[in-house]
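Heads up: the structure comes next, in structure tokens.
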Amino acid sequence: MVDALRDGALRADVLLIVTPEFSREVPGGLADFIDLLSILIPPTVLAGKPVALRSASPNRFGGTFSPLQLGHRLRPAGAEILTDRDPAVRRAHRPRRRA
């Protein structure tokens with residue numbers, strides 16, 4: 001399974017990582033996945049790979065912490081984070097009002 005995940009990420013032109021945020025943290029399964037991609041054994045999966053990050057959270061900060069944490073995990077492995085101003089969805093559990 002690890003080889004299949006690394007293979008898929010290696011073949012992708014761009015990675016889009018979308019995650020909920022829990023207690024200002026990245027979910028453990030996603031952190032493990034990033035660690036598996038970050039292993040610097042050939043082929044280096046993340047070296048030069050463009051990565052976009054998105055997050056949502058029920059708190060008022062809107063999942064702003066998890067993209068920061070993901071960037072800290074991805075940059076040392078050579079990933080190219082597309083933007084540091086990724087939009088986050090705050091209070092994601094509430095229905096949106098229609099205008």
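Naming works like this for the structure tokens: A, B, ... for the chains as they're shown, residue 1 at the start of each chain, ligands 1 onward in shown order.
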(request) Determine, counting only C-alpha atoms, which protein, DNA and RNA residues have an atom within 10 Å of an atom of A:Asp35; residues of the same chain fewer than 6 positions away are not included. Present the result as a list in words. (result) Gly29, Arg73, Leu74 and Ala77 of chain A
(request) Using DSSP on the backbone coordinates, identify all residues within stretch 10-65 of chain A classified as strand (DSSP E); present the result as a PyMOL selection string. (result) chain A and resi 15-20+50-56
Write a file of the just-selected residues containing N, CA and C atoms, as a PDB file, in the first residue's frame.
```pdb
ATOM      1  N   LEU A  15       0.106  17.961  -6.209  1.00  0.00           N
ATOM      2  CA  LEU A  15      -0.641  17.356  -5.109  1.00  0.00           C
ATOM      3  C   LEU A  15      -1.552  18.413  -4.494  1.00  0.00           C
ATOM      4  N   LEU A  16      -2.802  18.042  -4.258  1.00  0.00           N
ATOM      5  CA  LEU A  16      -3.746  18.886  -3.541  1.00  0.00           C
ATOM      6  C   LEU A  16      -4.060  18.163  -2.244  1.00  0.00           C
ATOM      7  N   ILE A  17      -3.698  18.765  -1.135  1.00  0.00           N
ATOM      8  CA  ILE A  17      -3.955  18.153   0.166  1.00  0.00           C
ATOM      9  C   ILE A  17      -5.041  18.968   0.856  1.00  0.00           C
ATOM     10  N   VAL A  18      -6.166  18.321   1.108  1.00  0.00           N
ATOM     11  CA  VAL A  18      -7.307  18.950   1.772  1.00  0.00           C
ATOM     12  C   VAL A  18      -7.537  18.191   3.064  1.00  0.00           C
ATOM     13  N   THR A  19      -7.621  18.917   4.179  1.00  0.00           N
ATOM     14  CA  THR A  19      -7.731  18.244   5.466  1.00  0.00           C
ATOM     15  C   THR A  19      -8.597  19.026   6.444  1.00  0.00           C
ATOM     16  N   PRO A  20      -9.293  18.315   7.318  1.00  0.00           N
ATOM     17  CA  PRO A  20      -9.898  18.994   8.456  1.00  0.00           C
ATOM     18  C   PRO A  20      -8.791  19.287   9.471  1.00  0.00           C
ATOM     19  N   PRO A  50       4.913  20.481  -6.886  1.00  0.00           N
ATOM     20  CA  PRO A  50       4.005  21.538  -6.439  1.00  0.00           C
ATOM     21  C   PRO A  50       2.905  20.940  -5.552  1.00  0.00           C
ATOM     22  N   VAL A  51       2.644  21.609  -4.426  1.00  0.00           N
ATOM     23  CA  VAL A  51       1.637  21.130  -3.477  1.00  0.00           C
ATOM     24  C   VAL A  51       0.749  22.299  -3.062  1.00  0.00           C
ATOM     25  N   ALA A  52      -0.565  22.118  -3.188  1.00  0.00           N
ATOM     26  CA  ALA A  52      -1.541  23.099  -2.714  1.00  0.00           C
ATOM     27  C   ALA A  52      -2.170  22.548  -1.438  1.00  0.00           C
ATOM     28  N   LEU A  53      -2.386  23.419  -0.465  1.00  0.00           N
ATOM     29  CA  LEU A  53      -2.927  23.012   0.841  1.00  0.00           C
ATOM     30  C   LEU A  53      -4.242  23.733   1.121  1.00  0.00           C
ATOM     31  N   ARG A  54      -5.222  22.981   1.596  1.00  0.00           N
ATOM     32  CA  ARG A  54      -6.514  23.550   1.991  1.00  0.00           C
ATOM     33  C   ARG A  54      -6.939  22.914   3.304  1.00  0.00           C
ATOM     34  N   SER A  55      -7.699  23.677   4.105  1.00  0.00           N
ATOM     35  CA  SER A  55      -8.134  23.151   5.391  1.00  0.00           C
ATOM     36  C   SER A  55      -9.467  23.768   5.794  1.00  0.00           C
ATOM     37  N   ALA A  56     -10.178  23.066   6.669  1.00  0.00           N
ATOM     38  CA  ALA A  56     -11.434  23.564   7.226  1.00  0.00           C
ATOM     39  C   ALA A  56     -11.500  23.160   8.689  1.00  0.00           C
TER      40      ALA A  56
END
```
(request) For atom CA of A:Leu30 and atom CA of A:Thr83, determine how far apart the two atoms are, in Å to one decimal place. (result) 19.5 Å
(message) as JSON, numbers by chain, please: every residue in chain A that DSSP puts in alpha helix (DSSP H).
(response) {"A": [2, 3, 4, 5, 6, 7, 8, 9, 10, 11, 28, 29, 30, 31, 32, 33, 34, 35, 36, 37, 38, 65, 66, 67, 68, 69, 70, 71, 72, 73, 74]}
Just to be explicit: take each residue in the selection above, keep C-alpha atoms, and write the result as a short mmCIF file (atom, residue, chain, number, x, y, z; two decimals), in the first residue's frame.
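Saved result, again_6.cif, follows:
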```cif
data_model
loop_
_atom_site.label_atom_id
_atom_site.label_comp_id
_atom_site.auth_asym_id
_atom_site.auth_seq_id
_atom_site.Cartn_x
_atom_site.Cartn_y
_atom_site.Cartn_z
CA VAL A 2 2.85 2.40 0.81
CA ASP A 3 4.40 1.75 -2.59
CA ALA A 4 1.06 2.46 -4.30
CA LEU A 5 0.68 5.78 -2.44
CA ARG A 6 4.24 6.83 -3.22
CA ASP A 7 3.79 5.77 -6.86
CA GLY A 8 0.59 7.76 -7.26
CA ALA A 9 2.14 10.86 -5.71
CA LEU A 10 5.22 10.46 -7.88
CA ARG A 11 3.13 10.29 -11.09
CA GLY A 28 -2.51 11.59 12.47
CA GLY A 29 -3.19 9.59 9.32
CA LEU A 30 -2.31 12.55 7.12
CA ALA A 31 0.86 13.21 9.13
CA ASP A 32 1.86 9.57 8.59
CA PHE A 33 1.15 9.86 4.86
CA ILE A 34 3.33 12.98 4.58
CA ASP A 35 6.09 11.18 6.48
CA LEU A 36 5.92 8.28 4.02
CA LEU A 37 6.20 10.68 1.09
CA SER A 38 9.03 12.58 2.77
CA PHE A 65 -2.88 26.02 11.62
CA SER A 66 -2.83 22.74 9.72
CA PRO A 67 -1.58 24.21 6.40
CA LEU A 68 1.26 25.84 8.33
CA GLN A 69 2.16 22.52 9.94
CA LEU A 70 1.95 20.73 6.61
CA GLY A 71 4.23 23.30 5.02
CA HIS A 72 6.79 22.74 7.77
CA ARG A 73 6.67 18.99 7.05
CA LEU A 74 6.71 19.28 3.25
#
```
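Among A:Ala12, A:Pro42, A:Gly48, A:Pro27, the residue with the shortest atom-to-atom distance to A:Leu82, counting only C-alpha atoms, is A:Gly48.
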